[in-house]
Amino acid sequence: MTDRKTRLRRAVSRTALAPLAALPKRLARVARHDAKVIRQSARWLVTSREHHNYTYDLTPLNREHLAWFVSIVAEAPVADVRGWMAEIESDTVLRTHIEQTTARSARRGLADKQVRYARRVGWYALVRARKPRHVVETGVDKGLGTCVLAAALLRNVAEGHPGRVTSLDINPEAGYLAKAEPWASVVDLVIGDSIATLNAMDRPVDMFLHDSDHSAGHEQREFSAVEPHLSERALLLTDNVTITTVLLKHAEKTGRRFLAFREQPKEHWYPGDGIGAAWR
Ligand SMILES: C[S@@+](CC[C@H](N)C(=O)[O-])C[C@H]1O[C@@H](n2cnc3c(N)ncnc32)[C@H](O)[C@@H]1O
């Protein structure tokens with residue numbers, strides 16, 4: 001580049017015209033990014049049937065971040081966490097059950113054939129690490145998360161650590177994936193509003209997962225309702241961590257630590273959800 005051109009570029013970079021000078025480069029970066037999202041969105045529109053509660057896999061890097069997140073929250077060696085994550089991913093009995101039940105279900109037109117757990121693999125590893133006697137999940141939908149939690153509890157039972165999951169949903173049709181044995185043997189499915197059910201809870205809760213009505217108000221009411229029923233070392237989880245500050249504020253108010261994991265879906269337009277965790 002000639003001295004004259006360099007001088008001109010430096011002069012422009014000191015003026016209000018600087019953003020315009022870099023415009024072609026900036027435009028190319030944005031266009032590359034947006035084209036990727038549009039490609040993924042177009043492919044998803046023609047290949048997926050899902051209209052909410054999307055399923056996808058995580059990128060390999062994001063999966064590794066999840067392993068470290070669980071390791072810190074559960075105070076478990078990361079090698080063990082990786083082992084538990086591989087355990088659920090290679091559970092072909094559960095995978096086949098979900099595939100076949102989805103194919104027979106009345107809601108099959110709204111569900112994809114492939115089984116993809118995403119952050120639920122983290123829920124599984126947390127149950128395997130902490131061996132809770134009582135897990136509560138609010139929001140069941142088809143029952144994918146319930147099955148994952150039940151599969152972890154069944155492995156814990158086989159190793160001498162009994163536990164059950166109470167799964168709550170307001171929709172009477174929720175949870176059809178979790179109604180088959182052996183998973184159903186550790187699941188108590190309760191239909192009704194989550195707040196009313198949490199208020200009436202008659203057993204201590206060791207692990208609580210908010211995944212129902214994702215408005216901040218409802219999330220807050222769930223954590224307040226479950227608080228009197230929590231065991232001393234209970235772990236609180238939210239599926240809403242990328243949207244609200246409810247759990248981090250609740251953690252601070254109740255003297256707990258807080259950590260968040262954010263999903264990075266593989267080959268999907270959706271930016272992902274996350275796991276928020278609060279614990280003592
Ligand atoms: C995001 S889905 C749950 C996803 C599920 N945990 C999973 O792993 O796939 C949210 C569910 O919350 C339920 N829900 C919404 N409001 C509720 C309430 N007030 N009480 C209980 N369940 C509620 C909905 O019926 C819906 O099935």
# chains A, B, ... in the order shown; residues from 1 in each chain; ligands from 1
>>> residues_near_ligand(ligand="ligand 1", cutoff="10 Å", atoms="only C-alpha atoms and all ligand atoms", output="ChimeraX atom specification")
/A:52-55,117-120,123,137-149,167-175,190-198,209-215,218-219,222,239-240
>>> write_last_selection(atoms="C-alpha atoms", output="compact mmCIF listing (two decimals), in the first residue's frame")
# COMPACT_ATOMS: atom_id res chain seq x y z
CA HIS A 52 -42.11 -25.91 20.95
CA ASN A 53 -39.74 -27.53 23.48
CA TYR A 54 -37.26 -28.11 20.64
CA THR A 55 -34.80 -31.00 20.79
CA TYR A 117 -31.48 -34.97 25.07
CA ALA A 118 -29.32 -31.77 24.96
CA ARG A 119 -29.05 -30.25 28.52
CA ARG A 120 -31.08 -33.15 29.98
CA TRP A 123 -29.81 -33.37 34.64
CA GLU A 137 -39.68 -31.67 38.12
CA THR A 138 -42.28 -29.03 37.23
CA GLY A 139 -43.33 -29.16 33.57
CA VAL A 140 -43.39 -32.56 31.91
CA ASP A 141 -44.63 -32.07 28.32
CA LYS A 142 -44.11 -35.42 26.53
CA GLY A 143 -42.02 -36.73 29.43
CA LEU A 144 -38.56 -36.68 27.83
CA GLY A 145 -36.90 -35.09 30.86
CA THR A 146 -38.94 -37.29 33.21
CA CYS A 147 -37.61 -40.41 31.44
CA VAL A 148 -34.04 -39.13 31.67
CA LEU A 149 -34.41 -38.40 35.40
CA SER A 167 -43.26 -34.76 37.92
CA LEU A 168 -45.92 -32.06 37.78
CA ASP A 169 -47.88 -30.76 34.81
CA ILE A 170 -51.12 -28.87 34.37
CA ASN A 171 -51.90 -30.72 31.10
CA PRO A 172 -53.68 -34.09 31.64
CA GLU A 173 -52.06 -35.41 28.42
CA ALA A 174 -48.51 -34.73 29.62
CA GLY A 175 -45.99 -37.44 30.40
CA VAL A 190 -49.18 -35.38 39.28
CA ILE A 191 -51.60 -33.39 37.13
CA GLY A 192 -52.50 -29.90 38.37
CA ASP A 193 -51.05 -26.45 38.84
CA SER A 194 -47.47 -26.72 40.08
CA ILE A 195 -47.86 -24.13 42.86
CA ALA A 196 -50.80 -25.94 44.47
CA THR A 197 -48.96 -29.28 44.25
CA LEU A 198 -45.74 -27.83 45.68
CA LEU A 209 -36.16 -28.52 38.65
CA HIS A 210 -38.29 -25.64 37.35
CA ASP A 211 -39.35 -26.29 33.75
CA SER A 212 -43.05 -25.33 33.62
CA ASP A 213 -44.56 -21.89 32.98
CA HIS A 214 -41.45 -19.87 32.13
CA SER A 215 -42.79 -16.47 33.19
CA HIS A 218 -44.45 -18.30 38.06
CA GLU A 219 -40.82 -19.36 38.37
CA GLU A 222 -42.40 -22.16 42.43
CA ASP A 239 -34.55 -24.30 32.82
CA ASN A 240 -35.17 -20.56 32.62
>>> residues_around(residues="Pro228 in chain A", least_positions_apart="5", cutoff="12 Å", atoms="only C-alpha atoms", output="number ranges by chain")
A: 198-206, 222-223, 234, 254
>>> write_last_selection(atoms="N, CA, C and O atoms", output="JSON list (two decimals), in the first residue's frame")
[["chain", "number", "residue", "atom", "x", "y", "z"],
["A", 198, "LEU", "N", -46.93, -28.07, 44.86],
["A", 198, "LEU", "CA", -45.74, -27.83, 45.68],
["A", 198, "LEU", "C", -46.14, -27.45, 47.11],
["A", 198, "LEU", "O", -45.52, -27.90, 48.08],
["A", 199, "ASN", "N", -47.19, -26.63, 47.24],
["A", 199, "ASN", "CA", -47.63, -26.24, 48.58],
["A", 199, "ASN", "C", -48.05, -27.46, 49.41],
["A", 199, "ASN", "O", -47.87, -27.48, 50.62],
["A", 200, "ALA", "N", -48.60, -28.46, 48.72],
["A", 200, "ALA", "CA", -49.12, -29.65, 49.43],
["A", 200, "ALA", "C", -48.06, -30.76, 49.55],
["A", 200, "ALA", "O", -48.38, -31.85, 50.03],
["A", 201, "MET", "N", -46.82, -30.52, 49.14],
["A", 201, "MET", "CA", -45.78, -31.55, 49.13],
["A", 201, "MET", "C", -45.57, -32.12, 50.53],
["A", 201, "MET", "O", -45.45, -31.37, 51.50],
["A", 202, "ASP", "N", -45.58, -33.46, 50.65],
["A", 202, "ASP", "CA", -45.47, -34.05, 52.00],
["A", 202, "ASP", "C", -44.17, -34.82, 52.21],
["A", 202, "ASP", "O", -44.03, -35.55, 53.20],
["A", 203, "ARG", "N", -43.20, -34.70, 51.28],
["A", 203, "ARG", "CA", -41.91, -35.36, 51.43],
["A", 203, "ARG", "C", -40.80, -34.36, 51.16],
["A", 203, "ARG", "O", -40.95, -33.51, 50.27],
["A", 204, "PRO", "N", -39.67, -34.46, 51.89],
["A", 204, "PRO", "CA", -38.57, -33.52, 51.61],
["A", 204, "PRO", "C", -38.08, -33.66, 50.18],
["A", 204, "PRO", "O", -38.06, -34.76, 49.62],
["A", 205, "VAL", "N", -37.68, -32.54, 49.59],
["A", 205, "VAL", "CA", -37.23, -32.51, 48.20],
["A", 205, "VAL", "C", -35.70, -32.30, 48.19],
["A", 205, "VAL", "O", -35.19, -31.34, 48.76],
["A", 206, "ASP", "N", -34.98, -33.21, 47.52],
["A", 206, "ASP", "CA", -33.51, -33.11, 47.46],
["A", 206, "ASP", "C", -33.03, -32.43, 46.19],
["A", 206, "ASP", "O", -31.90, -31.95, 46.13],
["A", 222, "GLU", "N", -42.78, -20.74, 42.22],
["A", 222, "GLU", "CA", -42.40, -22.16, 42.43],
["A", 222, "GLU", "C", -41.25, -22.26, 43.44],
["A", 222, "GLU", "O", -41.28, -23.10, 44.34],
["A", 223, "PHE", "N", -40.21, -21.42, 43.28],
["A", 223, "PHE", "CA", -39.08, -21.51, 44.22],
["A", 223, "PHE", "C", -39.53, -21.15, 45.64],
["A", 223, "PHE", "O", -39.07, -21.76, 46.61],
["A", 234, "ALA", "N", -30.36, -29.48, 49.49],
["A", 234, "ALA", "CA", -31.10, -29.59, 48.22],
["A", 234, "ALA", "C", -30.44, -28.79, 47.09],
["A", 234, "ALA", "O", -29.85, -27.74, 47.32],
["A", 254, "THR", "N", -31.13, -16.80, 49.84],
["A", 254, "THR", "CA", -31.19, -17.97, 50.72],
["A", 254, "THR", "C", -29.79, -18.52, 51.04],
["A", 254, "THR", "O", -29.66, -19.63, 51.55]]
>>> atom_distance(atom1="CA of Tyr56 in chain A", atom2="CA of Val78 in chain A")
23.1 Å
>>> residues_around(residues="Glu75 in chain A", least_positions_apart="5", cutoff="9 Å", atoms="only C-alpha atoms", output="PyMOL selection string")
chain A and resi 70+129-130
>>> closest_residue(among="A:Arg116, A:His161, A:Arg155, A:Lys5", to="Glu87 in chain A", atoms="only C-alpha atoms")
A:Arg155
>>> residues_around(residues="Lys249 in chain A", least_positions_apart="3", cutoff="12 Å", atoms="only C-alpha atoms", output="list in words")
Ala216, Glu219, Gln220, Phe223, Ser224, Val241, Thr244, Thr245, Val246, Glu252, Lys253, Thr254, Gly255, Arg256, Arg257, Phe258, Leu259, Gly276, Ala277 and Ala278 of chain A
>>> closest_residue(among="A:Thr166, A:Arg104, A:Ala150, A:Ala22", to="Leu189 in chain A", atoms="only C-alpha atoms")
A:Thr166
>>> residues_around(residues="Arg108 in chain A", least_positions_apart="4", cutoff="12 Å", atoms="only C-alpha atoms", output="VMD selection string")
chain A and resid 48 to 51 98 to 104 112 to 114 142 176 to 177
>>> write_last_selection(atoms="all heavy atoms", output="short mmCIF file (atom, residue, chain, number, x, y, z; two decimals), in the first residue's frame")
data_model
loop_
_atom_site.label_atom_id
_atom_site.label_comp_id
_atom_site.auth_asym_id
_atom_site.auth_seq_id
_atom_site.Cartn_x
_atom_site.Cartn_y
_atom_site.Cartn_z
N SER A 48 -38.07 -30.85 10.57
CA SER A 48 -38.56 -31.04 11.94
C SER A 48 -40.08 -30.87 12.01
O SER A 48 -40.68 -30.17 11.19
CB SER A 48 -37.90 -30.03 12.88
OG SER A 48 -38.43 -30.17 14.18
N ARG A 49 -40.67 -31.52 13.04
CA ARG A 49 -42.12 -31.37 13.26
C ARG A 49 -42.39 -30.56 14.52
O ARG A 49 -43.55 -30.31 14.85
CB ARG A 49 -42.75 -32.75 13.46
CG ARG A 49 -42.52 -33.69 12.31
CD ARG A 49 -42.89 -35.09 12.72
NE ARG A 49 -42.89 -35.99 11.57
CZ ARG A 49 -43.32 -37.23 11.60
NH1 ARG A 49 -43.77 -37.76 12.71
NH2 ARG A 49 -43.28 -37.97 10.52
N GLU A 50 -41.33 -30.22 15.25
CA GLU A 50 -41.53 -29.62 16.57
C GLU A 50 -41.99 -28.18 16.47
O GLU A 50 -41.50 -27.43 15.62
CB GLU A 50 -40.21 -29.70 17.35
CG GLU A 50 -39.80 -31.13 17.63
CD GLU A 50 -38.45 -31.27 18.31
OE1 GLU A 50 -37.66 -30.31 18.28
OE2 GLU A 50 -38.18 -32.34 18.86
N HIS A 51 -42.91 -27.79 17.36
CA HIS A 51 -43.34 -26.40 17.37
C HIS A 51 -43.07 -25.73 18.72
O HIS A 51 -43.30 -24.54 18.88
CB HIS A 51 -44.82 -26.27 16.98
CG HIS A 51 -45.75 -26.81 18.03
ND1 HIS A 51 -45.68 -28.08 18.52
CD2 HIS A 51 -46.76 -26.20 18.69
CE1 HIS A 51 -46.63 -28.25 19.43
NE2 HIS A 51 -47.29 -27.13 19.55
N ILE A 98 -38.39 -44.48 23.65
CA ILE A 98 -38.85 -43.13 23.28
C ILE A 98 -39.20 -43.09 21.79
O ILE A 98 -40.25 -42.54 21.41
CB ILE A 98 -37.78 -42.06 23.65
CG1 ILE A 98 -37.62 -41.99 25.17
CG2 ILE A 98 -38.16 -40.69 23.10
CD1 ILE A 98 -36.45 -41.17 25.66
N GLU A 99 -38.35 -43.70 20.96
CA GLU A 99 -38.63 -43.71 19.51
C GLU A 99 -39.96 -44.40 19.21
O GLU A 99 -40.80 -43.87 18.48
CB GLU A 99 -37.51 -44.48 18.78
CG GLU A 99 -36.29 -43.63 18.47
CD GLU A 99 -35.09 -44.48 18.06
OE1 GLU A 99 -35.23 -45.73 17.91
OE2 GLU A 99 -34.01 -43.91 17.91
N GLN A 100 -40.16 -45.59 19.82
CA GLN A 100 -41.37 -46.38 19.50
C GLN A 100 -42.63 -45.72 20.06
O GLN A 100 -43.67 -45.70 19.41
CB GLN A 100 -41.20 -47.81 20.02
CG GLN A 100 -40.10 -48.55 19.25
CD GLN A 100 -39.90 -49.97 19.74
OE1 GLN A 100 -40.39 -50.35 20.81
NE2 GLN A 100 -39.14 -50.75 18.97
N THR A 101 -42.52 -45.20 21.30
CA THR A 101 -43.70 -44.57 21.92
C THR A 101 -44.08 -43.30 21.16
O THR A 101 -45.26 -43.00 20.97
CB THR A 101 -43.45 -44.28 23.41
OG1 THR A 101 -42.92 -45.46 24.00
CG2 THR A 101 -44.71 -43.88 24.14
N THR A 102 -43.07 -42.55 20.74
CA THR A 102 -43.33 -41.33 19.96
C THR A 102 -44.03 -41.69 18.65
O THR A 102 -45.02 -41.04 18.27
CB THR A 102 -41.99 -40.59 19.66
OG1 THR A 102 -41.38 -40.26 20.90
CG2 THR A 102 -42.23 -39.32 18.85
N ALA A 103 -43.56 -42.74 17.99
CA ALA A 103 -44.14 -43.15 16.70
C ALA A 103 -45.60 -43.57 16.84
O ALA A 103 -46.39 -43.40 15.91
CB ALA A 103 -43.31 -44.28 16.10
N ARG A 104 -45.97 -44.11 18.03
CA ARG A 104 -47.36 -44.58 18.24
C ARG A 104 -48.26 -43.48 18.81
O ARG A 104 -49.48 -43.63 18.83
CB ARG A 104 -47.35 -45.75 19.24
CG ARG A 104 -46.86 -47.07 18.67
CD ARG A 104 -47.23 -48.21 19.61
NE ARG A 104 -46.73 -48.01 20.96
CZ ARG A 104 -45.57 -48.47 21.42
NH1 ARG A 104 -44.78 -49.18 20.66
NH2 ARG A 104 -45.18 -48.25 22.66
N ASP A 112 -40.26 -35.06 16.78
CA ASP A 112 -39.27 -35.61 15.86
C ASP A 112 -38.97 -37.07 16.22
O ASP A 112 -39.13 -37.47 17.37
CB ASP A 112 -37.98 -34.79 15.90
CG ASP A 112 -38.16 -33.45 15.17
OD1 ASP A 112 -39.22 -33.25 14.56
OD2 ASP A 112 -37.23 -32.64 15.23
N LYS A 113 -38.54 -37.84 15.18
CA LYS A 113 -38.26 -39.26 15.41
C LYS A 113 -36.96 -39.46 16.20
O LYS A 113 -36.86 -40.35 17.01
CB LYS A 113 -38.14 -39.98 14.07
CG LYS A 113 -39.48 -40.18 13.40
CD LYS A 113 -39.33 -40.90 12.07
CE LYS A 113 -40.69 -40.96 11.39
NZ LYS A 113 -40.58 -41.08 9.94
N GLN A 114 -35.97 -38.61 15.92
CA GLN A 114 -34.68 -38.76 16.59
C GLN A 114 -34.79 -38.37 18.06
O GLN A 114 -35.51 -37.43 18.40
CB GLN A 114 -33.61 -37.86 15.96
CG GLN A 114 -33.35 -38.15 14.51
CD GLN A 114 -34.23 -37.27 13.62
OE1 GLN A 114 -35.34 -36.90 13.97
NE2 GLN A 114 -33.71 -36.95 12.45
N LYS A 142 -43.97 -34.02 26.96
CA LYS A 142 -44.11 -35.42 26.53
C LYS A 142 -43.55 -36.38 27.58
O LYS A 142 -43.91 -37.56 27.64
CB LYS A 142 -43.38 -35.63 25.21
CG LYS A 142 -43.84 -34.69 24.11
CD LYS A 142 -42.94 -34.79 22.89
CE LYS A 142 -43.24 -33.71 21.86
NZ LYS A 142 -42.66 -32.39 22.23
N TYR A 176 -46.68 -38.89 28.53
CA TYR A 176 -46.95 -40.24 27.97
C TYR A 176 -45.68 -41.07 27.80
O TYR A 176 -45.74 -42.29 27.83
CB TYR A 176 -47.77 -40.15 26.67
CG TYR A 176 -47.13 -39.37 25.54
CD1 TYR A 176 -46.23 -39.97 24.68
CD2 TYR A 176 -47.44 -38.03 25.35
CE1 TYR A 176 -45.65 -39.25 23.64
CE2 TYR A 176 -46.86 -37.31 24.31
CZ TYR A 176 -45.96 -37.92 23.47
OH TYR A 176 -45.38 -37.22 22.46
N LEU A 177 -44.53 -40.43 27.65
CA LEU A 177 -43.29 -41.21 27.50
C LEU A 177 -42.88 -41.89 28.81
O LEU A 177 -42.18 -42.90 28.80
CB LEU A 177 -42.13 -40.30 27.04
CG LEU A 177 -42.20 -39.73 25.63
CD1 LEU A 177 -41.04 -38.75 25.40
CD2 LEU A 177 -42.15 -40.84 24.59
#
>>> closest_residue(among="A:Ala178, A:Val186, A:Val135, A:Arg14", to="Val157 in chain A", atoms="only C-alpha atoms")
A:Val186
>>> select_by_dssp(residues="range 5-168 of chain A", states="helix (DSSP H, G or I)", output="PyMOL selection string")
chain A and resi 5-13+18-21+23-47+60-74+78-89+92-104+108-110+120-130+144-158
>>> atom_distance(atom1="CA of Phe208 in chain A", atom2="CA of His65 in chain A")
21.9 Å
>>> residues_around(residues="Asp80 in chain A", least_positions_apart="3", cutoff="9 Å", atoms="only C-alpha atoms", output="list of chain:residue names")
A:Ser71, A:Ala76, A:Pro77, A:Gly83, A:Trp84, A:Met85, A:Ala125, A:Ala129
>>> closest_residue(among="A:Met207, A:Val30, A:Leu237, A:Ala42", to="His268 in chain A", atoms="only C-alpha atoms")
A:Ala42
>>> closest_residue(among="A:Ala111, A:Val46, A:Leu153, A:Ala158", to="Ala184 in chain A", atoms="only C-alpha atoms")
A:Leu153
